[in-house]
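Asker: I have a structure here, written as structure tokens, and I will follow up with some questions on it.
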Amino acid sequence: MDLTFTPSETAFRDELRGWLADNDPGPEPHGDEHAHFAWRLDWQRRLAAAGWSGVHWPVEHGGRGATLTESAIFFEELANRRAPLPGNVLGLLLAGPTIMTWGDEAQRERHLGPILTGEEVWCQGFSEPDAGSDLAAVKTRAARDGDGWTITGQKVWTSYAHHARWCMLLARTDPASERHRGLTYFLLDMEQDGVEVVPLRQITGESHFNELFLDGARATDAQVLGGEGNGWRVAMTTLSNERSGLAFFHQVRMRQLVDALAAELAERGGLDDPRTADALADVAAQVEVLRLTAYRGLTRLERTGEPGPESALTKLMWSRANQALTQLAVDALGPDALTAGSRWSYELLRARGNTLEGGTTEILKNIAAQRVLGLPRAS
Ligand SMILES: Cc1cc2nc3c(=O)[nH]c(=O)nc-3n(C[C@H](O)[C@H](O)[C@H](O)COP(=O)(O)OP(=O)(O)OC[C@H]3O[C@@H](n4cnc5c(N)ncnc54)[C@H](O)[C@@H]3O)c2cc1C
């Protein structure tokens with residue numbers, strides 16, 4: 001692993017730092033999730049206008065053609081400045097790269113620009129009530145109907161669906177098929193009768209994700225991505241992009257939380273308790289290991305062109321460390337940290353979902369067991 005930046009990577013970082021120094025995202029709105037999302041979308045518009053949106057996208061698609069290391073630098077610097085992730089994060093990280101890989105010229109032309117600017121927000125319609133970890137069990141049905149498709153079924157936990165104009169939708173087009181065969185990937189227009197979005201209230205009180213009811217929703221052949229019956233492979237492209245870069249953002253954010261907790265504890269004399277000091281040091285070490293593992297994964301990817309198991313490991317480490325950190329804050333700071341609406345109570349409650357979203361802990365452990373330790377597959 002080489003942690004030294006090349007001259008061009010250093011130049012990239014300095015240019016970005018200069019831009020971020022001149023372009024403050026403004027104060028983070030609290031307590032109003034619509035205002036919060038508008039803030040993130042506005043931030044994306046500003047990034048796009050200055051050529052900083054989709055830094056890892058190829059130049060011919062409007063990106064900056066950044067290398068993997070530059071992309072990691074981008075996420076670290078964003079977090080260092082306490083700037084938010086762009087509002088259309090699923091479009092930038094998932095939909096865009098999937099459309100670049102599988103889309104025809106018309107699909108690329110239609111969708112990539114508005115994804116980059118945040119003009120059109122995307123959501124990911126994969127999970128269903130009986131198909132989460134077991135994604136191949138998708139039951140949502142798309143039936144051929146004249147020159148297009150009629151779609152019926154239900155998705156769940158669909159983040160940003162209430163803001164989204166488009167959805168990456170995985171549906172079964174061959175009713176006789178099983179598992180990963182007979183699935184098709186649609187670019188579904190959310191603005192139509194037959195698509196109903198019902199927000200779900202999370203433990204934090206926010207509604208970031210939704211139920212998505214599809215009752216006779218329509219898609220044309222031009223909205224099939226990667227060909228009929230090829231949905232599993234297209235979906236794997238989406239999932240392989242799911243964690244790209246985010247570990248670099250999260251490790252900085254967690255380091256900031258560790259520092260904030262250390263300062264708060266020091267002020268109250270909490271660090272005089274060796275058990276608290278020990279627990280804090282343990283979490284700080286976990287955050288550092290996360291940073292180094294993320295860089296190790298990056299080095300492997302740059303050298304071999306193949307992603308290693310590190311992306312599964314960094315997700316596992318991040319979710320564990322974040323839950324340990326937020327629990328420690330509450331244990332050490334006492335009832336103050338649990339006041340409704342306080343920063344620490346929010347962080348504690350939001351962290352609960354970390355071990356589920358983007359692959360559950362058990363699934364990630366299975367990946368580590370099989371691909372890192374070479375253990376046999378569980379039956
Ligand atoms: C904050 C948040 C945002 C999300 N956003 C989206 C989104 O935008 N789009 C989307 O499509 N989905 C989204 N999801 C859904 C997420 O992908 C699923 O929750 C996740 O894949 C788990 O699926 P499930 O909830 O159906 O649980 P299940 O798969 O039913 O799992 C239940 C439990 O069984 C365990 N388990 C399952 N299979 C195995 C196995 N083979 N071996 C061992 N243990 C197993 C799991 O680890 C878990 O503990 C989001 C989830 C969260 C929490």
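Letters for chains follow the order of the structure tokens (A, B, ...), residue numbers begin at 1 for each chain, and ligand numbers begin at 1 in the order shown.
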Determine, counting only C-alpha atoms, which protein, DNA and RNA residues have an atom within 6 Å of an atom of region 172-187 of chain A; residues of the same chain fewer than 5 positions away are not included. Present the result as a list in words.
Answerer: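 Counting only the stated atoms, we get Ala136, Ala137, Thr140, Arg141, Ala142, Ala143, Cys167, Gln223, Val224, Leu225, Glu228, Gly229, Asn230, Gly231 and Trp232 of chain A.
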Asker: Dump all heavy atoms for the selected residues as an mmCIF file, in the first residue's frame?
Answerer:
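See out_10.cif below for the written result:
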data_model
loop_
_atom_site.group_PDB
_atom_site.id
_atom_site.type_symbol
_atom_site.label_atom_id
_atom_site.label_comp_id
_atom_site.auth_asym_id
_atom_site.auth_seq_id
_atom_site.Cartn_x
_atom_site.Cartn_y
_atom_site.Cartn_z
ATOM 1 N N ALA A 136 -32.374 -12.135 -5.612
ATOM 2 C CA ALA A 136 -32.846 -12.938 -6.745
ATOM 3 C C ALA A 136 -34.296 -13.390 -6.556
ATOM 4 O O ALA A 136 -34.901 -13.947 -7.471
ATOM 5 C CB ALA A 136 -31.940 -14.156 -6.936
ATOM 6 N N ALA A 137 -34.864 -13.150 -5.378
ATOM 7 C CA ALA A 137 -36.258 -13.545 -5.132
ATOM 8 C C ALA A 137 -37.251 -12.455 -5.562
ATOM 9 O O ALA A 137 -38.442 -12.550 -5.256
ATOM 10 C CB ALA A 137 -36.442 -13.865 -3.644
ATOM 11 N N THR A 140 -41.679 -8.512 -8.235
ATOM 12 C CA THR A 140 -42.346 -7.462 -9.021
ATOM 13 C C THR A 140 -42.359 -7.888 -10.480
ATOM 14 O O THR A 140 -41.329 -8.289 -11.031
ATOM 15 C CB THR A 140 -41.620 -6.104 -8.836
ATOM 16 O OG1 THR A 140 -41.840 -5.681 -7.498
ATOM 17 C CG2 THR A 140 -42.140 -5.055 -9.790
ATOM 18 N N ARG A 141 -43.538 -7.807 -11.090
ATOM 19 C CA ARG A 141 -43.741 -8.419 -12.402
ATOM 20 C C ARG A 141 -43.892 -7.336 -13.473
ATOM 21 O O ARG A 141 -44.676 -6.386 -13.299
ATOM 22 C CB ARG A 141 -45.031 -9.255 -12.296
ATOM 23 C CG ARG A 141 -45.543 -9.822 -13.573
ATOM 24 C CD ARG A 141 -44.909 -11.158 -13.891
ATOM 25 N NE ARG A 141 -45.557 -11.707 -15.080
ATOM 26 C CZ ARG A 141 -45.076 -11.606 -16.314
ATOM 27 N NH1 ARG A 141 -43.921 -11.021 -16.538
ATOM 28 N NH2 ARG A 141 -45.743 -12.134 -17.331
ATOM 29 N N ALA A 142 -43.132 -7.481 -14.554
ATOM 30 C CA ALA A 142 -43.316 -6.608 -15.714
ATOM 31 C C ALA A 142 -43.816 -7.481 -16.862
ATOM 32 O O ALA A 142 -43.144 -8.442 -17.249
ATOM 33 C CB ALA A 142 -42.005 -5.927 -16.086
ATOM 34 N N ALA A 143 -45.008 -7.180 -17.352
ATOM 35 C CA ALA A 143 -45.610 -8.002 -18.420
ATOM 36 C C ALA A 143 -45.609 -7.225 -19.725
ATOM 37 O O ALA A 143 -45.917 -6.024 -19.749
ATOM 38 C CB ALA A 143 -47.034 -8.379 -18.029
ATOM 39 N N CYS A 167 -36.362 5.747 -11.373
ATOM 40 C CA CYS A 167 -36.049 4.634 -10.474
ATOM 41 C C CYS A 167 -35.313 3.530 -11.241
ATOM 42 O O CYS A 167 -35.707 3.161 -12.350
ATOM 43 C CB CYS A 167 -37.357 4.079 -9.908
ATOM 44 S SG CYS A 167 -37.146 2.659 -8.822
ATOM 45 N N GLN A 223 -36.958 2.054 -22.270
ATOM 46 C CA GLN A 223 -36.588 2.205 -20.848
ATOM 47 C C GLN A 223 -36.050 0.902 -20.246
ATOM 48 O O GLN A 223 -35.858 0.812 -19.039
ATOM 49 C CB GLN A 223 -37.797 2.713 -20.054
ATOM 50 C CG GLN A 223 -38.068 4.175 -20.370
ATOM 51 C CD GLN A 223 -39.440 4.647 -19.959
ATOM 52 O OE1 GLN A 223 -40.305 3.857 -19.597
ATOM 53 N NE2 GLN A 223 -39.643 5.947 -20.033
ATOM 54 N N VAL A 224 -35.834 -0.102 -21.092
ATOM 55 C CA VAL A 224 -35.161 -1.324 -20.633
ATOM 56 C C VAL A 224 -33.663 -1.067 -20.741
ATOM 57 O O VAL A 224 -33.175 -0.619 -21.778
ATOM 58 C CB VAL A 224 -35.555 -2.532 -21.517
ATOM 59 C CG1 VAL A 224 -34.653 -3.725 -21.239
ATOM 60 C CG2 VAL A 224 -37.013 -2.888 -21.286
ATOM 61 N N LEU A 225 -32.932 -1.368 -19.660
ATOM 62 C CA LEU A 225 -31.483 -1.140 -19.674
ATOM 63 C C LEU A 225 -30.756 -2.489 -19.770
ATOM 64 O O LEU A 225 -30.974 -3.373 -18.938
ATOM 65 C CB LEU A 225 -31.054 -0.392 -18.400
ATOM 66 C CG LEU A 225 -29.589 0.035 -18.343
ATOM 67 C CD1 LEU A 225 -29.290 1.130 -19.369
ATOM 68 C CD2 LEU A 225 -29.215 0.543 -16.948
ATOM 69 N N GLU A 228 -33.725 -7.264 -22.388
ATOM 70 C CA GLU A 228 -34.705 -8.082 -21.661
ATOM 71 C C GLU A 228 -34.033 -9.355 -21.127
ATOM 72 O O GLU A 228 -33.263 -10.002 -21.830
ATOM 73 C CB GLU A 228 -35.844 -8.441 -22.628
ATOM 74 C CG GLU A 228 -36.932 -9.257 -21.999
ATOM 75 C CD GLU A 228 -38.014 -9.644 -23.011
ATOM 76 O OE1 GLU A 228 -38.118 -9.003 -24.091
ATOM 77 O OE2 GLU A 228 -38.758 -10.606 -22.733
ATOM 78 N N GLY A 229 -34.301 -9.689 -19.888
ATOM 79 C CA GLY A 229 -33.782 -10.932 -19.300
ATOM 80 C C GLY A 229 -32.352 -10.808 -18.770
ATOM 81 O O GLY A 229 -31.809 -11.760 -18.222
ATOM 82 N N ASN A 230 -31.777 -9.625 -18.914
ATOM 83 C CA ASN A 230 -30.369 -9.438 -18.503
ATOM 84 C C ASN A 230 -30.263 -8.633 -17.202
ATOM 85 O O ASN A 230 -29.194 -8.133 -16.836
ATOM 86 C CB ASN A 230 -29.622 -8.698 -19.634
ATOM 87 C CG ASN A 230 -28.119 -8.808 -19.501
ATOM 88 O OD1 ASN A 230 -27.592 -9.818 -19.009
ATOM 89 N ND2 ASN A 230 -27.418 -7.766 -19.907
ATOM 90 N N GLY A 231 -31.387 -8.519 -16.482
ATOM 91 C CA GLY A 231 -31.450 -7.604 -15.342
ATOM 92 C C GLY A 231 -30.485 -7.933 -14.217
ATOM 93 O O GLY A 231 -29.988 -7.035 -13.534
ATOM 94 N N TRP A 232 -30.214 -9.221 -14.022
ATOM 95 C CA TRP A 232 -29.323 -9.584 -12.915
ATOM 96 C C TRP A 232 -27.930 -9.017 -13.120
ATOM 97 O O TRP A 232 -27.331 -8.431 -12.217
ATOM 98 C CB TRP A 232 -29.271 -11.114 -12.751
ATOM 99 C CG TRP A 232 -28.483 -11.527 -11.540
ATOM 100 C CD1 TRP A 232 -27.224 -12.041 -11.513
ATOM 101 C CD2 TRP A 232 -28.902 -11.403 -10.170
ATOM 102 N NE1 TRP A 232 -26.826 -12.266 -10.215
ATOM 103 C CE2 TRP A 232 -27.842 -11.880 -9.371
ATOM 104 C CE3 TRP A 232 -30.066 -10.944 -9.548
ATOM 105 C CZ2 TRP A 232 -27.909 -11.910 -7.981
ATOM 106 C CZ3 TRP A 232 -30.129 -10.978 -8.165
ATOM 107 C CH2 TRP A 232 -29.058 -11.455 -7.395
#
Asker: Counting only C-alpha atoms and all ligand atoms, what are the residues, protein, DNA or RNA alike, that approach ligand 1 to within 8 Å? I want them as a ChimeraX atom specification.
Answerer: /A:123-135,155-161,208-209,353-363,366,378
Asker: Do you know which residues are at most 10 Å from Ile367 (chain A) counting only C-alpha atoms, after dropping those on the same chain fewer than 4 positions away, and could you put them as a list in words?
Answerer: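 So the residues in contact are Pro309, Ala312, Leu313, Thr361, Glu362, Ile363, Arg371, Val372, Leu373, Gly374, Leu375 and Arg377 of chain A.
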Asker: In Å, rounded to a single decimal, give me how far CA of Ile115 (chain A) is from CA of Leu68 (chain A).
Answerer: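 Between these atoms lies a distance of 20.3 Å.
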Asker: From the set A:Ala351, A:Ala49, A:Leu364, A:Val121, which residue has the shortest atom-to-atom contact distance to Thr204 (chain A), counting only C-alpha atoms?
Answerer: A:Ala351
Asker: If you count only C-alpha atoms, which residues fall within 7 Å of region 148-150 of chain A, apart from same-chain ones fewer than 5 positions away, as a list in words?
Answerer: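 My reading of the contact set: Ala142, Ala143, Gly216, Ala217, Arg218, Ala219, Thr220 and Asp221 of chain A.
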Asker: Store the residues picked out above in a file with C-alpha atoms, as a PDB file, in the first residue's frame.
Answerer:
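Output file out.pdb is given in full below:
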ATOM      1  CA  ALA A 142     -43.316  -6.608 -15.714  1.00  0.00           C
ATOM      2  CA  ALA A 143     -45.610  -8.002 -18.420  1.00  0.00           C
ATOM      3  CA  GLY A 216     -50.030  -0.930 -13.751  1.00  0.00           C
ATOM      4  CA  ALA A 217     -47.019   1.386 -14.084  1.00  0.00           C
ATOM      5  CA  ARG A 218     -45.780   1.697 -17.681  1.00  0.00           C
ATOM      6  CA  ALA A 219     -42.337   1.461 -19.210  1.00  0.00           C
ATOM      7  CA  THR A 220     -41.404   1.490 -22.884  1.00  0.00           C
ATOM      8  CA  ASP A 221     -38.833  -0.759 -24.555  1.00  0.00           C
TER       9      ASP A 221
END
Asker: Please report as a tab-separated table every residue of region 70-111 of chain A lying within 8 Å of region 40-46 of chain A, along with the nearest atom pair and their distance in Å (one decimal), using only C-alpha atoms.
Answerer:
residue	atom	partner	partner_atom	distance
A:Pro84	CA	A:Arg40	CA	6.2
A:Leu85	CA	A:Arg40	CA	6.8
A:Pro86	CA	A:Gln44	CA	4.8
A:Gly87	CA	A:Leu41	CA	4.3
A:Asn88	CA	A:Leu41	CA	6.8
Asker: Return as number ranges by chain the full set of residues in region 34-70 of chain A whose backbone-based DSSP assignment is alpha helix (DSSP H).
Answerer: A: 34-49, 68-70
Asker: Export N, CA, C and O atoms of the chosen residues as a short mmCIF file (atom, residue, chain, number, x, y, z; two decimals), in the first residue's frame?
Answerer:
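Result went into again-v6.cif, see below:
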data_model
loop_
_atom_site.label_atom_id
_atom_site.label_comp_id
_atom_site.auth_asym_id
_atom_site.auth_seq_id
_atom_site.Cartn_x
_atom_site.Cartn_y
_atom_site.Cartn_z
N HIS A 34 -36.97 18.25 4.37
CA HIS A 34 -37.10 18.74 2.99
C HIS A 34 -36.09 19.85 2.73
O HIS A 34 -35.46 19.90 1.68
N ALA A 35 -35.95 20.71 3.74
CA ALA A 35 -34.94 21.78 3.61
C ALA A 35 -33.54 21.17 3.54
O ALA A 35 -32.67 21.64 2.81
N HIS A 36 -33.34 20.08 4.28
CA HIS A 36 -32.04 19.42 4.27
C HIS A 36 -31.73 18.84 2.90
O HIS A 36 -30.62 19.00 2.36
N PHE A 37 -32.74 18.20 2.29
CA PHE A 37 -32.50 17.62 0.98
C PHE A 37 -32.27 18.73 -0.06
O PHE A 37 -31.40 18.61 -0.93
N ALA A 38 -33.05 19.81 0.05
CA ALA A 38 -32.88 20.94 -0.89
C ALA A 38 -31.46 21.50 -0.77
O ALA A 38 -30.84 21.88 -1.78
N TRP A 39 -30.94 21.52 0.46
CA TRP A 39 -29.57 22.01 0.70
C TRP A 39 -28.55 21.12 -0.03
O TRP A 39 -27.63 21.59 -0.69
N ARG A 40 -28.77 19.82 0.07
CA ARG A 40 -27.83 18.88 -0.58
C ARG A 40 -27.93 18.96 -2.10
O ARG A 40 -26.94 18.80 -2.82
N LEU A 41 -29.15 19.18 -2.60
CA LEU A 41 -29.34 19.28 -4.05
C LEU A 41 -28.72 20.58 -4.59
O LEU A 41 -28.10 20.59 -5.65
N ASP A 42 -28.88 21.63 -3.80
CA ASP A 42 -28.29 22.90 -4.20
C ASP A 42 -26.76 22.78 -4.23
O ASP A 42 -26.09 23.28 -5.13
N TRP A 43 -26.24 22.04 -3.24
CA TRP A 43 -24.79 21.80 -3.19
C TRP A 43 -24.35 21.06 -4.44
O TRP A 43 -23.32 21.37 -5.04
N GLN A 44 -25.12 20.08 -4.87
CA GLN A 44 -24.76 19.35 -6.08
C GLN A 44 -24.78 20.27 -7.30
O GLN A 44 -23.90 20.18 -8.16
N ARG A 45 -25.77 21.17 -7.37
CA ARG A 45 -25.83 22.10 -8.51
C ARG A 45 -24.56 22.95 -8.55
O ARG A 45 -23.99 23.18 -9.62
N ARG A 46 -24.11 23.38 -7.38
CA ARG A 46 -22.90 24.21 -7.35
C ARG A 46 -21.67 23.40 -7.73
O ARG A 46 -20.79 23.87 -8.45
N LEU A 47 -21.60 22.18 -7.25
CA LEU A 47 -20.48 21.30 -7.63
C LEU A 47 -20.48 21.11 -9.15
O LEU A 47 -19.44 21.20 -9.80
N ALA A 48 -21.68 20.84 -9.70
CA ALA A 48 -21.78 20.57 -11.14
C ALA A 48 -21.36 21.80 -11.95
O ALA A 48 -20.62 21.68 -12.94
N ALA A 49 -21.83 22.96 -11.52
CA ALA A 49 -21.51 24.19 -12.27
C ALA A 49 -20.00 24.42 -12.32
O ALA A 49 -19.48 24.99 -13.29
N LEU A 68 -9.03 6.72 -9.34
CA LEU A 68 -9.63 6.20 -8.10
C LEU A 68 -9.12 6.96 -6.89
O LEU A 68 -9.87 7.28 -5.98
N THR A 69 -7.81 7.23 -6.89
CA THR A 69 -7.24 7.96 -5.75
C THR A 69 -7.79 9.37 -5.69
O THR A 69 -8.14 9.88 -4.61
N GLU A 70 -7.92 10.02 -6.85
CA GLU A 70 -8.48 11.38 -6.85
C GLU A 70 -9.92 11.36 -6.36
O GLU A 70 -10.36 12.26 -5.64
#
Asker: Considering only C-alpha atoms, can you say which of A:Leu257, A:Leu212, A:Leu265, A:Ile99 comes closest to Pro199 (chain A)?
Answerer: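 Distance minimum relative to Pro199 (chain A) lands on A:Leu212.
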Asker: Mind checking which residues fall within 7 Å of Trp344 (chain A), counting only C-alpha atoms, ignoring those fewer than 6 positions away in the same chain, and posting them as number ranges by chain?
Answerer: A: 326, 329, 337-338
Asker: Emit the selected residues as a CSV table (one decimal), in the first residue's frame, including N, CA, C and O atoms.
Answerer:
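Wrote part-v1.csv, looks like this:
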chain,number,residue,atom,x,y,z
A,326,THR,N,-21.3,5.7,18.7
A,326,THR,CA,-22.5,6.4,19.1
A,326,THR,C,-23.1,5.8,20.5
A,326,THR,O,-23.6,6.5,21.3
A,329,ALA,N,-20.9,7.3,23.2
A,329,ALA,CA,-21.2,8.7,23.5
A,329,ALA,C,-22.4,8.7,24.5
A,329,ALA,O,-22.3,9.4,25.5
A,337,ALA,N,-27.1,13.0,26.4
A,337,ALA,CA,-26.9,12.6,25.0
A,337,ALA,C,-28.2,12.0,24.4
A,337,ALA,O,-28.3,11.8,23.2
A,338,LEU,N,-29.1,11.7,25.3
A,338,LEU,CA,-30.4,11.1,24.8
A,338,LEU,C,-31.5,12.0,24.7
A,338,LEU,O,-32.6,11.6,24.3
Asker: One decimal, Å: what's the distance from CA of Gly146 (chain A) over to CA of Pro114 (chain A), could you say?
Answerer: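 Separating CA of Gly146 (chain A) from CA of Pro114 (chain A) is a distance of 29.1 Å.
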